[in-house]
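Shown here: input_23.cif, mmCIF, C-alpha atoms.
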data_target
loop_
_atom_site.label_atom_id
_atom_site.label_comp_id
_atom_site.auth_asym_id
_atom_site.auth_seq_id
_atom_site.Cartn_x
_atom_site.Cartn_y
_atom_site.Cartn_z
CA MET A 1 92.15 107.78 135.42
CA THR A 2 95.28 109.51 136.67
CA ASN A 3 98.79 108.39 135.84
CA SER A 4 99.32 107.25 139.45
CA ASN A 5 96.11 105.19 139.37
CA LEU A 6 97.23 103.59 136.12
CA THR A 7 100.64 102.83 137.62
CA SER A 8 99.08 101.21 140.69
CA LEU A 9 96.84 99.05 138.50
CA ALA A 10 99.76 98.02 136.31
CA ASN A 11 101.82 97.08 139.37
CA LYS A 12 99.27 94.65 140.78
CA PRO A 13 100.72 91.18 141.37
CA GLY A 14 100.15 88.88 138.40
CA GLY A 15 100.21 91.61 135.77
CA ASP A 16 98.01 94.33 134.46
CA LEU A 17 94.66 94.07 136.23
CA ASP A 18 95.20 90.34 136.97
CA ILE A 19 93.97 89.19 133.58
CA ASP A 20 94.69 86.04 131.62
CA GLU A 21 97.17 87.62 129.22
CA SER A 22 97.10 84.60 126.93
CA LEU A 23 93.60 85.70 125.89
CA LEU A 24 95.08 88.91 124.51
CA ILE A 25 97.59 86.96 122.46
CA GLN A 26 94.87 84.56 121.27
CA GLY A 27 92.59 87.48 120.36
CA CYS A 28 95.31 89.12 118.27
CA ILE A 29 96.18 85.87 116.51
CA HIS A 30 92.49 85.22 115.82
CA GLY A 31 92.19 88.51 113.94
CA VAL A 32 95.33 87.78 111.92
CA ASP A 33 94.05 84.26 111.18
CA GLN A 34 90.71 85.64 109.95
CA SER A 35 92.59 87.96 107.62
CA ASN A 36 94.69 85.05 106.32
CA GLN A 37 91.62 82.89 105.71
CA LEU A 38 90.06 85.63 103.64
CA LEU A 39 93.22 86.19 101.58
CA LYS A 40 93.18 82.52 100.61
CA ALA A 41 89.63 82.86 99.30
CA VAL A 42 89.55 86.15 97.39
CA SER A 43 90.86 86.98 93.94
CA LEU A 44 93.39 89.75 93.46
CA ASP A 45 90.79 91.79 91.55
CA ASP A 46 88.34 91.59 94.44
CA TYR A 47 91.09 92.24 97.02
CA THR A 48 92.09 95.48 95.30
CA TYR A 49 88.68 96.66 94.06
CA VAL A 50 87.90 100.09 95.51
CA SER A 51 84.22 100.19 96.42
CA GLN A 52 81.97 103.24 96.62
CA GLY A 53 83.23 103.81 100.15
CA ASN A 54 86.69 104.54 98.67
CA SER A 55 88.32 101.52 100.23
CA SER A 56 89.14 97.95 99.37
CA ILE A 57 89.73 94.73 101.26
CA GLY A 58 93.41 95.45 100.67
CA THR A 59 93.14 98.93 102.17
CA HIS A 60 91.55 97.60 105.35
CA THR A 61 94.04 94.73 105.59
CA ARG A 62 96.92 97.18 105.25
CA HIS A 63 95.41 99.42 107.91
CA ILE A 64 95.06 96.53 110.38
CA LEU A 65 98.70 95.64 109.77
CA ASP A 66 99.82 99.27 110.11
CA ARG A 67 98.51 99.40 113.67
CA PHE A 68 100.34 96.21 114.59
CA HIS A 69 103.53 97.49 112.95
CA CYS A 70 103.31 100.71 114.99
CA PHE A 71 102.74 98.70 118.16
CA PHE A 72 105.80 96.51 117.64
CA ALA A 73 107.98 99.39 116.39
CA GLY A 74 107.37 101.41 119.55
CA LEU A 75 107.13 98.64 122.10
CA GLN A 76 110.77 98.32 123.21
CA GLY A 77 111.22 102.08 123.39
CA GLY A 78 108.07 102.46 125.47
CA CYS A 79 106.36 104.86 123.04
CA ILE A 80 103.87 103.61 120.46
CA ASP A 81 103.11 106.19 117.76
CA TYR A 82 100.01 105.13 115.82
CA ASP A 83 100.46 108.07 113.43
CA ASP A 84 103.80 106.66 112.25
CA ARG A 85 102.14 104.17 109.90
CA GLN A 86 103.98 102.69 106.93
CA ARG A 87 100.95 102.78 104.62
CA ASP A 88 102.66 100.18 102.44
CA LYS A 89 100.75 100.15 99.13
CA SER A 90 102.19 96.73 98.24
CA ILE A 91 100.08 95.23 101.05
CA GLU A 92 97.00 96.87 99.54
CA ASN A 93 97.76 95.66 96.03
CA SER A 94 99.37 92.24 96.45
CA LEU A 95 97.92 89.14 98.09
CA GLN A 96 101.47 87.79 98.43
CA ALA A 97 102.74 90.92 100.22
CA ALA A 98 99.72 90.93 102.53
CA THR A 99 100.13 87.22 103.32
CA PHE A 100 103.82 87.76 104.09
CA ALA A 101 103.07 90.76 106.33
CA LEU A 102 100.34 88.87 108.20
CA ALA A 103 102.71 85.93 108.79
CA SER A 104 105.35 88.31 110.12
CA VAL A 105 102.91 89.98 112.52
CA SER A 106 101.63 86.58 113.65
CA ARG A 107 105.19 85.49 114.52
CA GLN A 108 105.77 88.71 116.46
CA ILE A 109 102.56 88.21 118.42
CA GLU A 110 103.43 84.60 119.23
CA LYS A 111 106.92 85.59 120.44
CA LEU A 112 105.63 88.44 122.61
CA ASP A 113 106.54 87.94 126.28
CA LEU A 114 103.96 89.96 128.18
CA ALA A 115 105.68 89.26 131.49
CA GLU A 116 108.46 91.57 130.30
CA PHE A 117 106.02 94.48 130.36
CA THR A 118 104.13 93.73 133.57
CA GLY A 119 103.91 96.86 135.68
CA LYS A 120 105.34 99.11 132.98
CA ILE A 121 103.57 102.19 131.74
CA ILE A 122 104.09 103.02 128.09
CA THR A 123 103.26 106.16 126.14
CA VAL A 124 100.85 106.13 123.24
CA ARG A 125 100.88 108.91 120.67
CA GLU A 126 98.15 109.52 118.11
CA SER A 127 96.27 112.30 116.35
CA VAL A 128 92.69 112.42 117.57
CA TYR A 129 91.50 115.60 115.84
CA HIS A 130 92.55 116.75 112.38
CA GLN A 131 93.06 120.38 113.41
CA GLY A 132 95.37 119.66 116.31
CA SER A 133 98.64 117.99 117.06
CA SER A 134 98.92 114.42 118.22
CA ILE A 135 98.45 113.70 121.90
CA GLU A 136 100.34 111.41 124.23
CA ILE A 137 98.70 109.39 126.97
CA PRO A 138 99.89 106.70 129.37
CA SER A 139 98.81 103.14 128.71
CA THR A 140 99.87 99.55 129.19
CA VAL A 141 100.86 96.88 126.71
CA ASN A 142 97.81 94.84 127.67
CA ARG A 143 95.50 97.79 127.00
CA GLU A 144 97.11 98.37 123.62
CA LEU A 145 96.71 94.70 122.69
CA MET A 146 93.03 94.96 123.58
CA GLY A 147 92.81 98.04 121.36
CA LEU A 148 94.50 96.20 118.49
CA ILE A 149 91.98 93.38 118.82
CA THR A 150 88.92 95.63 118.77
CA HIS A 151 90.38 97.77 115.99
CA SER A 152 91.04 94.67 113.89
CA ILE A 153 87.51 93.36 114.50
CA HIS A 154 86.05 96.66 113.35
CA HIS A 155 87.96 96.53 110.07
CA LEU A 156 87.32 92.80 109.60
CA ALA A 157 83.59 93.56 109.87
CA ILE A 158 83.93 96.08 107.04
CA ILE A 159 86.00 93.57 105.06
CA ALA A 160 83.22 91.00 105.54
CA ILE A 161 80.66 93.41 104.07
CA ILE A 162 82.87 94.02 101.03
CA ALA A 163 83.60 90.28 100.57
CA LYS A 164 79.90 89.41 100.85
CA SER A 165 79.11 92.00 98.17
CA PHE A 166 81.35 89.98 95.82
CA GLY A 167 79.48 86.80 96.73
CA TYR A 168 82.08 85.19 99.00
CA PRO A 169 80.53 83.04 101.72
CA MET A 170 81.63 84.36 105.10
CA ASP A 171 81.64 82.59 108.44
CA ASN A 172 78.92 84.12 110.63
CA ASP A 173 81.52 85.09 113.25
CA PHE A 174 83.98 86.73 110.83
CA GLY A 175 84.69 90.27 112.00
CA LYS A 176 82.37 89.96 114.97
CA ALA A 177 83.26 91.11 118.49
CA ALA A 178 83.91 88.34 121.00
CA SER A 179 81.23 89.74 123.31
CA THR A 180 78.67 89.57 120.49
CA ILE A 181 79.59 85.96 119.70
CA VAL A 182 79.25 85.02 123.37
CA TYR A 183 75.91 86.84 123.60
CA GLU A 184 74.53 85.17 120.47
CA ARG A 185 75.48 81.71 121.72
CA ARG A 186 73.48 82.01 124.94
#

In structure tokens, write the structure found in this file.
Amino acid sequence: MTNSNLTSLANKPGGDLDIDESLLIQGCIHGVDQSNQLLKAVSLDDYTYVSQGNSSIGTHTRHILDRFHCFFAGLQGGCIDYDDRQRDKSIENSLQAATFALASVSRQIEKLDLAEFTGKIITVRESVYHQGSSIEIPSTVNRELMGLITHSIHHLAIIAIIAKSFGYPMDNDFGKAASTIVYERR
């Protein structure tokens, strides 16, 4: 899709692609809520245990939060740099720090006024290949929120596998894509 096509889509009356933007907010909050629910259930030892895959529940939680932090850090300036992650080890190693960070992100999501960004193209920067420099592409805030939702779901699914390996009962829909949940309920 060319930059001019993206601009014309973003400038449609009613917002980016005429979608119900509240679903994007609800989808983001749902992922944060799932993370919070899990933090209330797991022990610190299980949260920080590094499995054979070289990651822990804490590592995945921190990574989910890093993406949201990058989104909010770049939003007002119109350039979101997903490589500029904080990688805050305290979130990986402390249930209290993770809970605080999730609450902060949840508040930011709830306060987000998507109407402010209707029709605006933003730049997204990220490394996509380890032997090259980062690339920049045009996007919209709505598209980036959708990406945050699907990215969070992917990591929540991995978190669910780790939590189940410790014997924690997990809701059947934890870390599952919305389209899969809808499909399974038919």

*Polymer residues at most 12 Å from (84.5, 96.8, 103.2) by only C-alpha atoms, as a count of residues only*: 30

_With the PyMOL selection byres ((chain A and resi 92) around 6) as the selection, what would be picked from this file? Answer as a PyMOL selection string, please._
chain A and resi 58-59+62+89-91+93

_Ranking A:Asp33, A:Glu126, A:Glu184, A:Glu21 by minimum distance to Cys70 (chain A) and counting all atoms listed in the file, which one comes first?_
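Using all atoms listed in the file, the shortest distance to Cys70 (chain A) belongs to A:Glu126.
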
*Pick out the closest residue to Gly74 (chain A) from this set: A:Arg125, A:His151, A:His130, A:His30. Count all atoms listed in the file.*
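The answer is A:Arg125, which sits nearest to Gly74 (chain A).
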
*Kindly give the distance, in Å, that separates CA of Leu23 (chain A) and CA of Ile181 (chain A), rounded to a single decimal.*
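Spanning CA of Leu23 (chain A) to CA of Ile181 (chain A) is a straight-line distance of 15.3 Å.
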
_Point-to-point distance in Å for CA of Leu39 (chain A) and CA of Asp81 (chain A)_ = 27.6 Å

*asked:* Excluding Val128 (chain A) and its own-chain neighbours fewer than 5 positions away, which residues fall within 12 Å of it when counting all atoms listed in the file? Please give them as a list in words.
replied: Tyr82, Asp83, Ser133, Ser134, Ile135, Glu136 and Ile137 of chain A

*Distance query Gly77 (chain A) at most 12 Å, all atoms listed in the file, self and fewer than 3 positions along chain excluded, as a PyMOL selection string*: chain A and resi 70-74+80-81+117+120-124

*Report the distance between CA of Leu95 (chain A) and CA of Thr180 (chain A) in Å, rounded to one decimal place.*
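Between CA of Leu95 (chain A) and CA of Thr180 (chain A) the gap works out to 29.5 Å.
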
_Residue by residue, what does the PyMOL selection byres ((chain A and resi 100-103) around 8) grab here? Present the result as a list in words._
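Here the PyMOL selection byres ((chain A and resi 100-103) around 8) matches Val32, Ser35, Asn36, Leu65, Ile91, Gln96, Ala97, Ala98, Thr99, Ser104, Val105, Ser106 and Arg107 of chain A.
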
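Applying the 9 Å criterion to (87.3, 89.1, 120.9) in file coordinates and using all atoms listed in the file, one obtains the residues Leu23, Leu24, Gln26, Gly27, Cys28, His30, Gly31, Met146, Ile149, Thr150, Ile153, Lys176, Ala177, Ala178, Ser179, Thr180 and Ile181 of chain A.
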
Produce a file of the selected residues containing C-alpha atoms, as a tab-separated table (two decimals), in the frame of the given file.
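out11.tsv, written as the output of this step:
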chain	number	residue	atom	x	y	z
A	23	LEU	CA	93.60	85.70	125.89
A	24	LEU	CA	95.08	88.91	124.51
A	26	GLN	CA	94.87	84.56	121.27
A	27	GLY	CA	92.59	87.48	120.36
A	28	CYS	CA	95.31	89.12	118.27
A	30	HIS	CA	92.49	85.22	115.82
A	31	GLY	CA	92.19	88.51	113.94
A	146	MET	CA	93.03	94.96	123.58
A	149	ILE	CA	91.98	93.38	118.82
A	150	THR	CA	88.92	95.63	118.77
A	153	ILE	CA	87.51	93.36	114.50
A	176	LYS	CA	82.37	89.96	114.97
A	177	ALA	CA	83.26	91.11	118.49
A	178	ALA	CA	83.91	88.34	121.00
A	179	SER	CA	81.23	89.74	123.31
A	180	THR	CA	78.67	89.57	120.49
A	181	ILE	CA	79.59	85.96	119.70

*Name the closest residue to Met170 (chain A) among the candidates A:Leu114, A:Ile25, A:Leu38, A:Val182; distances are taken between atoms, counting all atoms listed in the file.*
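Ranked by minimum distance to Met170 (chain A), first place goes to A:Leu38.
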
*Name all residues at most 7 Å from Asp66 (chain A) (count only C-alpha atoms; drop same-chain ones fewer than 2 positions away) and give them as a VMD selection string.*
chain A and resid 62 to 64 68 to 70 85 to 87

*Identify which of the residues A:Pro138, A:Ala115, A:Gly167, A:Tyr129 lies closest to Ser43 (chain A), counting all atoms listed in the file when measuring atom-to-atom distances.*
A:Gly167
